[in-house]
$ cat query21.pdb   # PDB, C-alpha atoms, pLDDT in the B column
MODEL        1
ATOM      1  CA  LEU T 191      47.162  83.742 125.435  1.00 38.00           C
ATOM      2  CA  THR T 192      43.546  83.088 126.215  1.00 39.00           C
ATOM      3  CA  VAL T 193      41.533  80.732 124.087  1.00 44.00           C
ATOM      4  CA  SER T 194      38.229  82.117 125.262  1.00 47.00           C
ATOM      5  CA  GLY T 195      37.559  85.065 127.474  1.00 51.00           C
ATOM      6  CA  THR T 196      35.964  88.441 127.420  1.00 51.00           C
ATOM      7  CA  LYS T 197      36.549  90.712 124.476  1.00 53.00           C
ATOM      8  CA  GLU T 198      38.518  92.998 126.805  1.00 53.00           C
ATOM      9  CA  GLN T 199      40.800  90.141 127.927  1.00 48.00           C
ATOM     10  CA  ASP T 200      41.356  89.017 124.342  1.00 47.00           C
ATOM     11  CA  THR T 201      42.243  92.570 123.243  1.00 47.00           C
ATOM     12  CA  LYS T 202      44.630  93.008 126.197  1.00 48.00           C
ATOM     13  CA  MET T 203      46.485  89.770 125.330  1.00 46.00           C
ATOM     14  CA  ALA T 204      46.651  90.758 121.651  1.00 52.00           C
ATOM     15  CA  ASP T 205      48.305  94.071 122.623  1.00 53.00           C
ATOM     16  CA  THR T 206      50.998  92.329 124.720  1.00 49.00           C
ATOM     17  CA  PRO T 207      54.048  91.581 122.561  1.00 53.00           C
ATOM     18  CA  ARG T 208      54.793  87.872 122.360  1.00 59.00           C
ATOM     19  CA  THR T 209      58.521  87.399 122.533  1.00 64.00           C
ATOM     20  CA  SER T 210      60.942  84.561 122.763  1.00 84.00           C
ATOM     21  CA  PHE T 211      64.678  84.318 122.426  1.00 90.00           C
ATOM     22  CA  GLU T 212      66.945  81.882 120.701  1.00 91.00           C
ATOM     23  CA  VAL T 213      70.698  81.648 120.620  1.00 94.00           C
ATOM     24  CA  TYR T 214      72.537  79.842 117.841  1.00 96.00           C
ATOM     25  CA  VAL T 215      76.230  78.972 117.991  1.00 96.00           C
ATOM     26  CA  ALA T 216      78.150  77.321 115.128  1.00 96.00           C
ATOM     27  CA  LYS T 217      81.895  77.884 115.106  1.00 97.00           C
ATOM     28  CA  ASP T 218      84.592  76.745 112.694  1.00 96.00           C
ATOM     29  CA  ASP T 219      85.972  74.421 115.370  1.00 96.00           C
ATOM     30  CA  PHE T 220      82.618  72.709 116.032  1.00 97.00           C
ATOM     31  CA  LYS T 221      83.801  69.952 113.737  1.00 97.00           C
ATOM     32  CA  PHE T 222      85.121  66.441 113.730  1.00 98.00           C
ATOM     33  CA  HIS T 223      86.653  64.323 110.998  1.00 98.00           C
ATOM     34  CA  ALA T 224      85.487  60.751 111.336  1.00 98.00           C
ATOM     35  CA  ALA T 225      85.060  57.489 109.462  1.00 98.00           C
ATOM     36  CA  HIS T 226      81.835  55.495 109.423  1.00 97.00           C
ATOM     37  CA  PHE T 227      79.514  53.382 107.386  1.00 96.00           C
ATOM     38  CA  VAL T 228      75.771  52.905 107.654  1.00 96.00           C
ATOM     39  CA  ALA T 229      74.481  49.351 107.819  1.00 94.00           C
ATOM     40  CA  PHE T 230      70.947  48.055 108.087  1.00 95.00           C
ATOM     41  CA  GLU T 231      69.077  44.904 107.068  1.00 94.00           C
ATOM     42  CA  GLY T 232      70.327  43.950 103.591  1.00 93.00           C
ATOM     43  CA  TYR T 233      72.587  46.974 103.101  1.00 95.00           C
ATOM     44  CA  ARG T 234      76.043  48.237 104.038  1.00 95.00           C
ATOM     45  CA  GLU T 235      77.824  51.336 102.816  1.00 95.00           C
ATOM     46  CA  LYS T 236      81.523  51.242 102.085  1.00 97.00           C
ATOM     47  CA  LEU T 237      83.748  52.576 104.833  1.00 96.00           C
ATOM     48  CA  HIS T 238      84.249  56.296 104.239  1.00 97.00           C
ATOM     49  CA  GLY T 239      84.592  59.543 106.153  1.00 97.00           C
ATOM     50  CA  HIS T 240      83.142  63.014 106.563  1.00 97.00           C
ATOM     51  CA  ASN T 241      84.210  66.383 107.824  1.00 97.00           C
ATOM     52  CA  TYR T 242      81.280  66.811 110.207  1.00 98.00           C
ATOM     53  CA  LYS T 243      80.173  70.195 111.525  1.00 98.00           C
ATOM     54  CA  ALA T 244      77.866  70.887 114.445  1.00 98.00           C
ATOM     55  CA  GLY T 245      75.693  73.756 115.602  1.00 98.00           C
ATOM     56  CA  VAL T 246      73.665  74.320 118.761  1.00 98.00           C
ATOM     57  CA  ARG T 247      70.509  76.385 119.171  1.00 97.00           C
ATOM     58  CA  VAL T 248      68.727  77.008 122.456  1.00 96.00           C
ATOM     59  CA  TYR T 249      65.253  78.487 122.806  1.00 94.00           C
ATOM     60  CA  GLY T 250      64.466  80.717 125.751  1.00 89.00           C
ATOM     61  CA  SER T 251      61.345  82.142 127.254  1.00 80.00           C
ATOM     62  CA  ARG T 252      60.038  85.698 127.094  1.00 71.00           C
ATOM     63  CA  LYS T 253      62.697  87.271 129.317  1.00 77.00           C
ATOM     64  CA  ILE T 254      66.468  87.289 129.256  1.00 80.00           C
ATOM     65  CA  SER T 255      68.391  86.738 132.487  1.00 81.00           C
ATOM     66  CA  SER T 256      69.539  89.587 134.725  1.00 84.00           C
ATOM     67  CA  ASP T 257      73.053  89.327 133.203  1.00 85.00           C
ATOM     68  CA  GLY T 258      71.613  90.198 129.780  1.00 84.00           C
ATOM     69  CA  TYR T 259      72.072  86.729 128.315  1.00 86.00           C
ATOM     70  CA  VAL T 260      69.780  83.900 127.381  1.00 88.00           C
ATOM     71  CA  VAL T 261      72.993  81.890 127.752  1.00 90.00           C
ATOM     72  CA  ASP T 262      76.587  82.979 127.343  1.00 92.00           C
ATOM     73  CA  PHE T 263      77.963  81.824 123.980  1.00 95.00           C
ATOM     74  CA  GLY T 264      81.115  80.750 125.834  1.00 96.00           C
ATOM     75  CA  ASN T 265      79.258  78.061 127.780  1.00 95.00           C
ATOM     76  CA  ILE T 266      77.958  76.453 124.602  1.00 97.00           C
ATOM     77  CA  LYS T 267      81.327  76.768 122.845  1.00 98.00           C
ATOM     78  CA  LYS T 268      83.276  75.093 125.645  1.00 98.00           C
ATOM     79  CA  VAL T 269      80.995  72.050 125.844  1.00 98.00           C
ATOM     80  CA  THR T 270      80.494  71.592 122.095  1.00 98.00           C
ATOM     81  CA  ARG T 271      84.222  71.827 121.351  1.00 98.00           C
ATOM     82  CA  LYS T 272      84.919  69.132 123.961  1.00 98.00           C
ATOM     83  CA  VAL T 273      82.336  66.725 122.488  1.00 98.00           C
ATOM     84  CA  CYS T 274      83.569  67.295 118.922  1.00 98.00           C
ATOM     85  CA  LYS T 275      87.187  66.764 119.986  1.00 98.00           C
ATOM     86  CA  GLU T 276      86.279  63.362 121.491  1.00 98.00           C
ATOM     87  CA  LEU T 277      84.915  62.206 118.113  1.00 98.00           C
ATOM     88  CA  ASN T 278      87.622  63.737 115.942  1.00 98.00           C
ATOM     89  CA  GLU T 279      89.746  61.291 113.924  1.00 98.00           C
ATOM     90  CA  HIS T 280      87.852  58.213 115.089  1.00 98.00           C
ATOM     91  CA  PHE T 281      85.771  55.473 113.545  1.00 98.00           C
ATOM     92  CA  LEU T 282      82.177  56.019 114.686  1.00 98.00           C
ATOM     93  CA  CYS T 283      81.203  52.574 115.936  1.00 98.00           C
ATOM     94  CA  PRO T 284      77.445  52.030 116.445  1.00 98.00           C
ATOM     95  CA  MET T 285      77.492  49.744 119.485  1.00 98.00           C
ATOM     96  CA  LEU T 286      73.712  49.126 119.313  1.00 97.00           C
ATOM     97  CA  SER T 287      73.764  47.927 115.702  1.00 97.00           C
ATOM     98  CA  ASP T 288      71.245  45.214 114.907  1.00 95.00           C
ATOM     99  CA  VAL T 289      73.180  43.983 111.834  1.00 96.00           C
ATOM    100  CA  MET T 290      76.753  43.862 113.108  1.00 97.00           C
ATOM    101  CA  ASP T 291      78.401  41.629 115.651  1.00 97.00           C
ATOM    102  CA  ILE T 292      80.789  43.827 117.598  1.00 98.00           C
ATOM    103  CA  GLU T 293      83.393  42.360 119.929  1.00 98.00           C
ATOM    104  CA  ILE T 294      86.058  44.125 121.904  1.00 97.00           C
ATOM    105  CA  ILE T 295      89.026  41.795 122.255  1.00 96.00           C
ATOM    106  CA  ASP T 296      92.014  43.167 124.115  1.00 96.00           C
ATOM    107  CA  GLU T 297      92.724  46.493 122.428  1.00 97.00           C
ATOM    108  CA  SER T 298      90.853  45.732 119.190  1.00 98.00           C
ATOM    109  CA  VAL T 299      87.285  46.285 118.041  1.00 98.00           C
ATOM    110  CA  ASN T 300      86.155  43.474 115.729  1.00 98.00           C
ATOM    111  CA  LEU T 301      83.120  44.015 113.522  1.00 97.00           C
ATOM    112  CA  LYS T 302      81.398  41.338 111.483  1.00 97.00           C
ATOM    113  CA  CYS T 303      78.712  42.650 109.191  1.00 96.00           C
ATOM    114  CA  GLN T 304      75.615  40.888 107.948  1.00 94.00           C
ATOM    115  CA  ASP T 305      77.094  40.764 104.421  1.00 93.00           C
ATOM    116  CA  GLY T 306      80.151  38.868 105.732  1.00 95.00           C
ATOM    117  CA  SER T 307      82.525  41.842 105.735  1.00 96.00           C
ATOM    118  CA  LYS T 308      84.928  41.979 108.669  1.00 97.00           C
ATOM    119  CA  PHE T 309      86.791  44.919 110.130  1.00 97.00           C
ATOM    120  CA  VAL T 310      89.348  45.160 112.913  1.00 98.00           C
ATOM    121  CA  PHE T 311      90.110  48.586 114.373  1.00 98.00           C
ATOM    122  CA  PRO T 312      92.412  49.585 117.203  1.00 98.00           C
ATOM    123  CA  LYS T 313      90.113  50.367 120.135  1.00 98.00           C
ATOM    124  CA  SER T 314      91.840  53.724 120.629  1.00 98.00           C
ATOM    125  CA  ASP T 315      90.809  54.702 117.083  1.00 98.00           C
ATOM    126  CA  CYS T 316      87.104  54.048 117.772  1.00 98.00           C
ATOM    127  CA  ALA T 317      84.377  56.140 119.320  1.00 98.00           C
ATOM    128  CA  LEU T 318      82.133  53.440 120.809  1.00 98.00           C
ATOM    129  CA  LEU T 319      78.777  55.180 120.579  1.00 98.00           C
ATOM    130  CA  PRO T 320      75.360  54.179 121.968  1.00 97.00           C
ATOM    131  CA  ILE T 321      73.713  54.426 118.547  1.00 97.00           C
ATOM    132  CA  VAL T 322      72.244  51.889 116.107  1.00 97.00           C
ATOM    133  CA  HIS T 323      73.390  53.530 112.874  1.00 96.00           C
ATOM    134  CA  ALA T 324      76.169  56.057 112.332  1.00 96.00           C
ATOM    135  CA  THR T 325      73.808  58.495 110.609  1.00 97.00           C
ATOM    136  CA  ALA T 326      73.723  62.267 110.983  1.00 97.00           C
ATOM    137  CA  GLU T 327      70.314  61.907 112.677  1.00 98.00           C
ATOM    138  CA  GLU T 328      71.563  59.544 115.368  1.00 98.00           C
ATOM    139  CA  LEU T 329      74.755  61.549 115.811  1.00 98.00           C
ATOM    140  CA  ALA T 330      72.602  64.643 116.412  1.00 98.00           C
ATOM    141  CA  ILE T 331      70.736  62.797 119.200  1.00 98.00           C
ATOM    142  CA  TYR T 332      74.035  61.656 120.715  1.00 98.00           C
ATOM    143  CA  LEU T 333      75.551  65.156 120.580  1.00 98.00           C
ATOM    144  CA  TRP T 334      72.343  66.636 122.043  1.00 97.00           C
ATOM    145  CA  SER T 335      72.659  64.335 125.068  1.00 97.00           C
ATOM    146  CA  ARG T 336      76.352  65.016 125.579  1.00 97.00           C
ATOM    147  CA  ILE T 337      75.947  68.776 125.208  1.00 97.00           C
ATOM    148  CA  LEU T 338      72.989  68.802 127.614  1.00 96.00           C
ATOM    149  CA  HIS T 339      75.100  66.929 130.195  1.00 95.00           C
ATOM    150  CA  GLY T 340      77.866  69.482 129.798  1.00 95.00           C
ATOM    151  CA  LEU T 341      75.580  72.489 130.085  1.00 94.00           C
ATOM    152  CA  ASN T 342      73.401  71.038 132.890  1.00 91.00           C
ATOM    153  CA  SER T 343      69.648  70.892 132.302  1.00 92.00           C
ATOM    154  CA  GLU T 344      68.794  72.404 135.701  1.00 93.00           C
ATOM    155  CA  TRP T 345      70.950  75.462 134.996  1.00 92.00           C
ATOM    156  CA  LEU T 346      69.434  75.880 131.515  1.00 93.00           C
ATOM    157  CA  LEU T 347      65.880  75.657 132.866  1.00 93.00           C
ATOM    158  CA  GLU T 348      66.697  78.202 135.596  1.00 90.00           C
ATOM    159  CA  ARG T 349      67.768  80.576 132.826  1.00 90.00           C
ATOM    160  CA  GLY T 350      64.413  80.099 131.078  1.00 90.00           C
ATOM    161  CA  ILE T 351      65.755  77.877 128.296  1.00 93.00           C
ATOM    162  CA  HIS T 352      63.134  75.274 127.435  1.00 93.00           C
ATOM    163  CA  THR T 353      64.377  73.614 124.236  1.00 95.00           C
ATOM    164  CA  MET T 354      67.701  72.778 122.633  1.00 97.00           C
ATOM    165  CA  GLU T 355      68.496  71.645 119.122  1.00 97.00           C
ATOM    166  CA  VAL T 356      71.663  70.245 117.642  1.00 98.00           C
ATOM    167  CA  ILE T 357      72.498  70.310 113.956  1.00 98.00           C
ATOM    168  CA  VAL T 358      74.987  67.828 112.498  1.00 98.00           C
ATOM    169  CA  ALA T 359      76.170  68.312 108.915  1.00 98.00           C
ATOM    170  CA  GLU T 360      78.203  65.648 107.153  1.00 96.00           C
ATOM    171  CA  ALA T 361      78.681  67.808 104.052  1.00 93.00           C
ATOM    172  CA  VAL T 362      77.493  71.139 102.690  1.00 92.00           C
ATOM    173  CA  GLY T 363      73.745  70.870 102.179  1.00 94.00           C
ATOM    174  CA  GLN T 364      73.457  67.568 104.103  1.00 96.00           C
ATOM    175  CA  GLU T 365      72.471  68.047 107.717  1.00 97.00           C
ATOM    176  CA  ALA T 366      70.193  66.619 110.360  1.00 98.00           C
ATOM    177  CA  THR T 367      68.581  68.588 113.177  1.00 98.00           C
ATOM    178  CA  PHE T 368      67.452  67.129 116.491  1.00 98.00           C
ATOM    179  CA  ARG T 369      65.284  69.350 118.698  1.00 97.00           C
ATOM    180  CA  LEU T 370      63.865  68.380 122.082  1.00 96.00           C
ATOM    181  CA  GLU T 371      62.516  70.100 125.144  1.00 95.00           C
ATOM    182  CA  ILE T 372      64.940  70.057 128.028  1.00 94.00           C
ATOM    183  CA  PRO T 373      63.716  67.458 130.546  1.00 93.00           C
ATOM    184  CA  VAL T 374      62.802  68.910 133.923  1.00 89.00           C
ATOM    185  CA  ASP T 375      64.404  65.959 135.701  1.00 86.00           C
ATOM    186  CA  GLY T 376      67.502  65.989 133.466  1.00 80.00           C
ATOM    187  CA  LEU T 377      68.975  62.809 132.059  1.00 82.00           C
ATOM    188  CA  GLY T 378      70.903  61.684 135.128  1.00 80.00           C
ATOM    189  CA  ASP T 379      74.008  59.842 133.997  1.00 79.00           C
ATOM    190  CA  ASP T 380      72.201  58.439 130.967  1.00 86.00           C
ATOM    191  CA  LEU T 381      72.176  59.511 127.356  1.00 89.00           C
ATOM    192  CA  LEU T 382      69.052  59.553 125.204  1.00 91.00           C
ATOM    193  CA  ASP T 383      68.245  56.163 123.697  1.00 94.00           C
ATOM    194  CA  VAL T 384      68.298  56.672 119.923  1.00 94.00           C
ATOM    195  CA  ARG T 385      65.996  53.646 119.576  1.00 94.00           C
ATOM    196  CA  SER T 386      63.161  55.622 121.174  1.00 93.00           C
ATOM    197  CA  PHE T 387      63.060  58.137 118.307  1.00 92.00           C
TER     198      PHE T 387
ENDMDL
END
$ encode --input "query21.pdb" --output "structure tokens"
Amino acid sequence: LTVSGTKEQDTKMADTPRTSFEVYVAKDDFKFHAAHFVAFEGYREKLHGHNYKAGVRVYGSRKISSDGYVVDFGNIKKVTRKVCKELNEHFLCPMLSDVMDIEIIDESVNLKCQDGSKFVFPKSDCALLPIVHATAEELAIYLWSRILHGLNSEWLLERGIHTMEVIVAEAVGQEATFRLEIPVDGLGDDLLDVRSF
């Protein structure tokens, strides 16, 4: 699209159809049942759980690949199911919390909250996540990183996919969406730092 040019150039661009593609995948098994509580300065929720659901949307450029796909649904399904399964039936432990002291002692995770509450969980029952708060927003960032690792950013970019979004719902009508352009250099072995958003 030209911002300024000849009238002929502007007319030619206006006649060219502007297209883009997006693929959205949300399956019944893109879910995880997990316990959590949100804690921040001066506040802590009671321990409770949700039946979380996830969805993934990728945005592609103007052309589909020679195989007819933007991306095969199967690729997204395989990776997303794996990430959800890792979180299923766990306590979502925000290891970067600024209001909880978290210690791993032997096979236990000990949490001491700012309000004086204490919890002890078996380590095997915890998903030790690089998040500050166990909110749907921060979970969406975490899932985005894990799904990108599984799909491979270089492969996605080669297919013309420029952006990915992840939706995390903790209940019907309560969801958070995280959308970010796929980094050209990938993430390496790292995950996104939720503190930078």
$ resolve_selection --input "query21.pdb" --expression "the PyMOL selection byres ((chain T and resi 305) around 8)" --output "list in words"
Gly232, Tyr233, Arg234, Cys303, Gln304, Gly306 and Ser307 of chain T
$ residues_around --input "query21.pdb" --residues "Met354 in chain T" --least-positions-apart "2" --cutoff "9 Å" --atoms "only C-alpha atoms" --output "compact mmCIF listing (two decimals) with C-alpha atoms, in the frame of the given file"
# COMPACT_ATOMS: atom_id res chain seq x y z
CA VAL T 246 73.67 74.32 118.76
CA ARG T 247 70.51 76.39 119.17
CA VAL T 248 68.73 77.01 122.46
CA TYR T 249 65.25 78.49 122.81
CA TRP T 334 72.34 66.64 122.04
CA LEU T 338 72.99 68.80 127.61
CA ILE T 351 65.76 77.88 128.30
CA HIS T 352 63.13 75.27 127.44
CA VAL T 356 71.66 70.24 117.64
CA PHE T 368 67.45 67.13 116.49
CA ARG T 369 65.28 69.35 118.70
CA LEU T 370 63.86 68.38 122.08
CA GLU T 371 62.52 70.10 125.14
CA ILE T 372 64.94 70.06 128.03
$ residues_around --input "query21.pdb" --residues "Lys267 in chain T" --least-positions-apart "4" --cutoff "12 Å" --atoms "all atoms listed in the file" --output "NGL selection string"
:T and (213-221 or 244-247 or 261-263 or 271-275 or 337 or 340-341)
$ atom_distance --input "query21.pdb" --atom1 "CA of Glu293 in chain T" --atom2 "CA of Ala317 in chain T"
13.8 Å
$ atom_distance --input "query21.pdb" --atom1 "CA of Pro284 in chain T" --atom2 "CA of Gln364 in chain T"
20.2 Å
$ residues_around --input "query21.pdb" --residues "Asp291 in chain T" --least-positions-apart "2" --cutoff "10 Å" --atoms "only C-alpha atoms" --output "ChimeraX atom specification"
/T:285-289,293,300-304,308
$ atom_distance --input "query21.pdb" --atom1 "CA of Asp383 in chain T" --atom2 "CA of Leu333 in chain T"
12.0 Å
$ residues_around --input "query21.pdb" --residues "Ala326 in chain T" --least-positions-apart "3" --cutoff "10 Å" --atoms "only C-alpha atoms" --output "PyMOL selection string"
chain T and resi 242+323+329-332+357-360+364-368
$ write_last_selection --input "query21.pdb" --atoms "C-alpha atoms" --output "PDB file, in the frame of the given file"
ATOM      1  CA  TYR T 242      81.280  66.811 110.207  1.00 98.00           C
ATOM      2  CA  HIS T 323      73.390  53.530 112.874  1.00 96.00           C
ATOM      3  CA  LEU T 329      74.755  61.549 115.811  1.00 98.00           C
ATOM      4  CA  ALA T 330      72.602  64.643 116.412  1.00 98.00           C
ATOM      5  CA  ILE T 331      70.736  62.797 119.200  1.00 98.00           C
ATOM      6  CA  TYR T 332      74.035  61.656 120.715  1.00 98.00           C
ATOM      7  CA  ILE T 357      72.498  70.310 113.956  1.00 98.00           C
ATOM      8  CA  VAL T 358      74.987  67.828 112.498  1.00 98.00           C
ATOM      9  CA  ALA T 359      76.170  68.312 108.915  1.00 98.00           C
ATOM     10  CA  GLU T 360      78.203  65.648 107.153  1.00 96.00           C
ATOM     11  CA  GLN T 364      73.457  67.568 104.103  1.00 96.00           C
ATOM     12  CA  GLU T 365      72.471  68.047 107.717  1.00 97.00           C
ATOM     13  CA  ALA T 366      70.193  66.619 110.360  1.00 98.00           C
ATOM     14  CA  THR T 367      68.581  68.588 113.177  1.00 98.00           C
ATOM     15  CA  PHE T 368      67.452  67.129 116.491  1.00 98.00           C
TER      16      PHE T 368
END
$ resolve_selection --input "query21.pdb" --expression "the PyMOL selection byres ((chain T and resi 279) around 8)" --output "PDB file with C-alpha atoms, keeping the file's coordinate frame"
ATOM      1  CA  PHE T 222      85.121  66.441 113.730  1.00 98.00           C
ATOM      2  CA  HIS T 223      86.653  64.323 110.998  1.00 98.00           C
ATOM      3  CA  ALA T 224      85.487  60.751 111.336  1.00 98.00           C
ATOM      4  CA  ALA T 225      85.060  57.489 109.462  1.00 98.00           C
ATOM      5  CA  LEU T 277      84.915  62.206 118.113  1.00 98.00           C
ATOM      6  CA  ASN T 278      87.622  63.737 115.942  1.00 98.00           C
ATOM      7  CA  HIS T 280      87.852  58.213 115.089  1.00 98.00           C
ATOM      8  CA  PHE T 281      85.771  55.473 113.545  1.00 98.00           C
ATOM      9  CA  ASP T 315      90.809  54.702 117.083  1.00 98.00           C
TER      10      ASP T 315
END
$ closest_residue --input "query21.pdb" --among "T:Ser343, T:Val228, T:Ser251, T:His240" --to "Ala361 in chain T" --atoms "only C-alpha atoms"
T:His240
$ residues_around --input "query21.pdb" --residues "Asp375 in chain T" --least-positions-apart "4" --cutoff "12 Å" --atoms "all atoms listed in the file" --output "ChimeraX atom specification"
/T:342-347,371,379-380
$ write_last_selection --input "query21.pdb" --atoms "C-alpha atoms" --output "mmCIF file, keeping the file's coordinate frame"
data_model
loop_
_atom_site.group_PDB
_atom_site.id
_atom_site.type_symbol
_atom_site.label_atom_id
_atom_site.label_comp_id
_atom_site.auth_asym_id
_atom_site.auth_seq_id
_atom_site.Cartn_x
_atom_site.Cartn_y
_atom_site.Cartn_z
ATOM 1 C CA ASN T 342 73.401 71.038 132.890
ATOM 2 C CA SER T 343 69.648 70.892 132.302
ATOM 3 C CA GLU T 344 68.794 72.404 135.701
ATOM 4 C CA TRP T 345 70.950 75.462 134.996
ATOM 5 C CA LEU T 346 69.434 75.880 131.515
ATOM 6 C CA LEU T 347 65.880 75.657 132.866
ATOM 7 C CA GLU T 371 62.516 70.100 125.144
ATOM 8 C CA ASP T 379 74.008 59.842 133.997
ATOM 9 C CA ASP T 380 72.201 58.439 130.967
#
$ closest_residue --input "query21.pdb" --among "T:Asp296, T:Leu381, T:Cys283, T:Leu319" --to "Ser335 in chain T" --atoms "only C-alpha atoms"
T:Leu381
$ closest_residue --input "query21.pdb" --among "T:His226, T:Glu212, T:Lys236, T:Lys243" --to "Gly363 in chain T" --atoms "only C-alpha atoms"
T:Lys243
$ closest_residue --input "query21.pdb" --among "T:Asn241, T:Thr325, T:Thr353, T:Ser386" --to "Phe227 in chain T" --atoms "only C-alpha atoms"
T:Thr325
